[in-house]
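Take a look at the structure set out below.
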Amino acid sequence: MKHTCDFAGGALRAASQDGGGVLVIDNPQRKNALSAAMWRAIPEAIHWLTADGRARAIVLTGAGHQDFSAGADISEFPAVRKDAATARVYEAQNSAAFAAIRDARVPVIAAIRGICYGGGFGLAAACDIRIADETAIFAVPAARLGLAYPADAIQDFVQSLGIQLTRKALFTGQPMKAAELLSSGFLLELVAADALDAAAFSLAQTIAENAPLSVQASKLALRAALQHDDDLLREAEVIGAATFDSADYAEGRAAFTERRKPVFTGR
């Protein structure tokens with residue numbers, strides 16, 4: 001059964017089916033720029049997908065088949081980012097959105113085409129896996145706008161881009177082509193334009209068919225290693241140990257013995 005839910009007045013669309021989830025940034029007339037309402041809604045949408053939607057993997061993409069996201073909707077800045085006080089509130093909303101993706105209990109895959117700028121680039125950097133097509137282009141234009149990128153979100157760039165490309169992106173604001181980001185390891189794969197959706201959703205479905213507790217333990221352990229977080233490491237160890245008493249472990253062993261595809265329930 002397919003489950004759907006809209007957020008931010010339909011500007012974010014979430015859907016899930018058979019364990020695969022999708023979150024669509026739906027503002028194509030503005031190159032999928034994110035309004036303040038959309039930033040605020042991202043944590044709620046991710047929660048809905050992993051809870052009510054029961055997604056085991058999520059694809060994050062932009063509507064319209066042209067652009068991933070141009071980042072923050074600059075037309076709102078005179079109201080929502082007009083001074084230091086409002087900027088702090090706005091950046092807290094940005095940071096919460098990045099964290100919701102980074103800390104989601106299931107893997108999040110960015111499917112990137114066209115423009116992936118600023119906060120859109122940040123959302124992609126917060127994802128676990130990134131796949132792009134040949135039209136994708138990336139930039140962080142903060143320095144060209146006279147503002148600073150959220151400091152706590154820069155960690156995602158450092159971890160995914162590497163320190164030198166992060167410096168280039170932040171200091172210059174210049175666009176970078178997908179091929180450059182593929183060679184840096186930021187992108188898992190670079191595909192033809194007509195193959196992007198199939199590649200992203202196929203990967204999500206493969207993940208969704210695996211044992212959820214196993215995937216969750218792996219994601220937590222990876223986060224612990226990247227963030228040097230001992231609390232996360234202990235949490236990953238607890239979930240990892242629990243897999244050996246799970247019904248899914250018994251199912252995995254039985255399926256291997258019987259030479260059939262396992263059906264995992266997350267228990």
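Letters for chains follow the order of the structure tokens (A, B, ...), residue numbers begin at 1 for each chain, and ligand numbers begin at 1 in the order shown.
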Report the residues of range 197-261 of chain A whose backbone DSSP state falls under alpha helix (DSSP H), written as JSON, numbers by chain. {"A": [197, 198, 199, 200, 201, 202, 203, 204, 205, 206, 207, 208, 212, 213, 214, 215, 216, 217, 218, 219, 220, 221, 222, 223, 224, 225, 226, 227, 230, 231, 232, 233, 234, 235, 236, 237, 238, 239, 240, 241, 242, 247, 248, 249, 250, 251, 252, 253, 254, 255, 256, 257, 258]}
Closest contacts (range 95-129 of chain A/range 74-77 of chain A, max 12 Å, only C-alpha atoms) as a Markdown table:
```
| residue | atom | partner | partner_atom | distance |
| --- | --- | --- | --- | --- |
| A:Tyr117 | CA | A:Ile74 | CA | 12.0 |
| A:Gly118 | CA | A:Ile74 | CA | 10.7 |
| A:Gly119 | CA | A:Ile74 | CA | 11.0 |
```
Can you pull out the residues contacting Arg56 in chain A? Cut-off 7 Å, using only C-alpha atoms, and skip same-chain residues under 2 positions away; I want them as an NGL selection string. :A and (19-20 or 50 or 54 or 58 or 106 or 208 or 212)
Write a file of the just-selected residues containing all heavy atoms, as a PDB file, in the first residue's frame.
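The resulting selection.pdb:
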```
ATOM      1  N   GLY A  19       8.444  -0.186   1.737  1.00  0.00           N
ATOM      2  CA  GLY A  19       9.685   0.129   2.434  1.00  0.00           C
ATOM      3  C   GLY A  19      10.520   1.216   1.799  1.00  0.00           C
ATOM      4  O   GLY A  19      11.460   1.709   2.413  1.00  0.00           O
ATOM      5  N   GLY A  20      10.206   1.596   0.566  1.00  0.00           N
ATOM      6  CA  GLY A  20      10.938   2.670  -0.098  1.00  0.00           C
ATOM      7  C   GLY A  20      10.217   3.989   0.071  1.00  0.00           C
ATOM      8  O   GLY A  20       9.003   4.073  -0.127  1.00  0.00           O
ATOM      9  N   THR A  50       9.718   7.780   8.256  1.00  0.00           N
ATOM     10  CA  THR A  50      10.297   6.659   8.991  1.00  0.00           C
ATOM     11  C   THR A  50       9.335   6.070  10.012  1.00  0.00           C
ATOM     12  O   THR A  50       9.516   4.918  10.431  1.00  0.00           O
ATOM     13  CB  THR A  50      11.589   7.083   9.709  1.00  0.00           C
ATOM     14  OG1 THR A  50      11.312   8.191  10.579  1.00  0.00           O
ATOM     15  CG2 THR A  50      12.639   7.494   8.708  1.00  0.00           C
ATOM     16  N   ARG A  54       6.765   4.147   7.367  1.00  0.00           N
ATOM     17  CA  ARG A  54       7.511   2.905   7.518  1.00  0.00           C
ATOM     18  C   ARG A  54       8.585   2.725   6.433  1.00  0.00           C
ATOM     19  O   ARG A  54       8.877   1.608   6.002  1.00  0.00           O
ATOM     20  CB  ARG A  54       6.564   1.701   7.523  1.00  0.00           C
ATOM     21  CG  ARG A  54       5.551   1.741   8.655  1.00  0.00           C
ATOM     22  CD  ARG A  54       4.633   0.554   8.636  1.00  0.00           C
ATOM     23  NE  ARG A  54       3.645   0.627   9.706  1.00  0.00           N
ATOM     24  CZ  ARG A  54       2.679  -0.269   9.898  1.00  0.00           C
ATOM     25  NH1 ARG A  54       2.577  -1.312   9.087  1.00  0.00           N
ATOM     26  NH2 ARG A  54       1.827  -0.134  10.897  1.00  0.00           N
ATOM     27  N   ILE A  58      15.138   6.296   2.048  1.00  0.00           N
ATOM     28  CA  ILE A  58      14.459   7.481   1.513  1.00  0.00           C
ATOM     29  C   ILE A  58      15.278   8.076   0.382  1.00  0.00           C
ATOM     30  O   ILE A  58      16.502   8.232   0.506  1.00  0.00           O
ATOM     31  CB  ILE A  58      14.270   8.544   2.616  1.00  0.00           C
ATOM     32  CG1 ILE A  58      13.393   8.005   3.758  1.00  0.00           C
ATOM     33  CG2 ILE A  58      13.664   9.834   2.049  1.00  0.00           C
ATOM     34  CD1 ILE A  58      13.412   8.880   5.001  1.00  0.00           C
ATOM     35  N   VAL A 106      17.157   5.772   9.010  1.00  0.00           N
ATOM     36  CA  VAL A 106      17.307   4.990   7.780  1.00  0.00           C
ATOM     37  C   VAL A 106      18.193   5.766   6.814  1.00  0.00           C
ATOM     38  O   VAL A 106      18.315   6.990   6.914  1.00  0.00           O
ATOM     39  CB  VAL A 106      15.938   4.691   7.135  1.00  0.00           C
ATOM     40  CG1 VAL A 106      15.016   3.999   8.132  1.00  0.00           C
ATOM     41  CG2 VAL A 106      15.288   5.956   6.586  1.00  0.00           C
ATOM     42  N   ALA A 208      15.967  -1.260   1.311  1.00  0.00           N
ATOM     43  CA  ALA A 208      14.708  -1.514   2.010  1.00  0.00           C
ATOM     44  C   ALA A 208      14.432  -3.002   2.173  1.00  0.00           C
ATOM     45  O   ALA A 208      13.736  -3.408   3.115  1.00  0.00           O
ATOM     46  CB  ALA A 208      13.551  -0.856   1.258  1.00  0.00           C
ATOM     47  N   PRO A 212      16.189  -4.238   8.588  1.00  0.00           N
ATOM     48  CA  PRO A 212      16.231  -2.859   9.078  1.00  0.00           C
ATOM     49  C   PRO A 212      17.139  -2.644  10.271  1.00  0.00           C
ATOM     50  O   PRO A 212      17.836  -1.621  10.340  1.00  0.00           O
ATOM     51  CB  PRO A 212      14.767  -2.572   9.435  1.00  0.00           C
ATOM     52  CG  PRO A 212      13.979  -3.482   8.558  1.00  0.00           C
ATOM     53  CD  PRO A 212      14.800  -4.736   8.465  1.00  0.00           C
TER      54      PRO A 212
END
```
Closest to Pro141 in chain A among A:Ile46, A:Arg259, A:Ala70, A:Leu196, using only C-alpha atoms? A:Ala70
Nearest to Ala169 in chain A, chosen from A:Ala11, A:Leu188, A:Tyr249, A:Phe121, with only C-alpha atoms counted in the distances: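 Answer, going by the shortest atom-to-atom distance: A:Phe121.
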Contact residues around range 200-203 of chain A with only C-alpha atoms at 10 Å, ignoring same-chain residues under 3 positions, as a ChimeraX atom specification: /A:20-22,57-61,109-112,129-132,189,195-197,206-208
Pick from A:Ser184, A:Asn94, A:Ser35, A:Gln155: nearest to Gln227 in chain A, with only C-alpha atoms counted?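 Of the candidates, the smallest distance to Gln227 in chain A is held by A:Gln155.
The two atoms in question, CA of Gln216 in chain A and CA of Arg105 in chain A, are spaced 5.9 Å apart.
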I'd like to know which residues of range 28-247 of chain A are strand (DSSP E) (by DSSP, run on the backbone); could you write them as number ranges by chain? A: 57-62, 108-112, 115-117, 129-133, 137-139, 176-177, 189-191
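Taking only C-alpha atoms into account, Asp6 in chain A lies nearest to A:Ala45 out of the set A:Ala221, A:Ala45, A:Ala33, A:Ala192.
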For Ser214 in chain A, find every residue with an atom within 10 Å (counting only C-alpha atoms), except residues of its own chain fewer than 3 positions away, and show them as a PyMOL selection string. chain A and resi 210-211+217-219+236+239-244+248-249+266
Can I get the selected residues back with N, CA and C atoms, as a tab-separated table (two decimals), in the first residue's frame?
```
chain	number	residue	atom	x	y	z
A	210	ASN	N	16.67	-5.22	2.85
A	210	ASN	CA	17.58	-5.79	3.85
A	210	ASN	C	17.01	-5.65	5.25
A	211	ALA	N	17.66	-6.26	6.20
A	211	ALA	CA	17.17	-6.26	7.59
A	211	ALA	C	17.30	-4.86	8.18
A	217	ALA	N	21.93	-0.27	12.64
A	217	ALA	CA	23.16	-0.40	13.42
A	217	ALA	C	24.37	0.08	12.62
A	218	SER	N	24.39	-0.24	11.34
A	218	SER	CA	25.51	0.19	10.49
A	218	SER	C	25.53	1.71	10.34
A	219	LYS	N	24.35	2.32	10.14
A	219	LYS	CA	24.32	3.77	9.99
A	219	LYS	C	24.77	4.46	11.27
A	236	ALA	N	25.01	2.09	18.78
A	236	ALA	CA	25.17	1.18	17.65
A	236	ALA	C	25.51	-0.23	18.12
A	239	ILE	N	22.26	-1.91	19.44
A	239	ILE	CA	21.38	-2.34	18.35
A	239	ILE	C	22.01	-3.50	17.58
A	240	GLY	N	23.32	-3.43	17.39
A	240	GLY	CA	24.01	-4.52	16.71
A	240	GLY	C	23.89	-5.82	17.47
A	241	ALA	N	24.06	-5.77	18.79
A	241	ALA	CA	23.94	-6.98	19.60
A	241	ALA	C	22.52	-7.54	19.56
A	242	ALA	N	21.53	-6.63	19.50
A	242	ALA	CA	20.13	-7.05	19.49
A	242	ALA	C	19.77	-7.82	18.23
A	243	THR	N	20.51	-7.60	17.14
A	243	THR	CA	20.18	-8.31	15.90
A	243	THR	C	20.29	-9.82	16.07
A	244	PHE	N	21.18	-10.29	16.95
A	244	PHE	CA	21.39	-11.73	17.10
A	244	PHE	C	20.22	-12.42	17.78
A	248	ASP	N	14.50	-11.32	12.50
A	248	ASP	CA	15.12	-11.15	11.19
A	248	ASP	C	16.39	-11.98	11.04
A	249	TYR	N	17.15	-12.13	12.12
A	249	TYR	CA	18.35	-12.97	12.05
A	249	TYR	C	17.96	-14.41	11.79
A	266	GLY	N	11.87	-6.25	10.52
A	266	GLY	CA	12.39	-5.26	11.44
A	266	GLY	C	12.21	-5.62	12.89
```
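Candidate residues A:Asp231, A:Asp26, A:Asp128, A:Glu134 were compared for distance to Phe186 in chain A, and the nearest is A:Asp128, using only C-alpha atoms.
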May I have the residues within 10 Å of Arg167 in chain A as a ChimeraX atom specification, using only C-alpha atoms and disregarding those fewer than 6 positions away in the same chain? /A:157-158,161,173
Dump of C-alpha atoms for the selected residues, as a compact mmCIF listing (two decimals), in the first residue's frame:
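again-v6.txt written:
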```
# COMPACT_ATOMS: atom_id res chain seq x y z
CA PHE A 157 30.76 19.26 3.50
CA VAL A 158 34.08 18.38 5.12
CA LEU A 161 33.64 16.67 -0.11
CA GLY A 173 31.33 30.41 -4.40
```
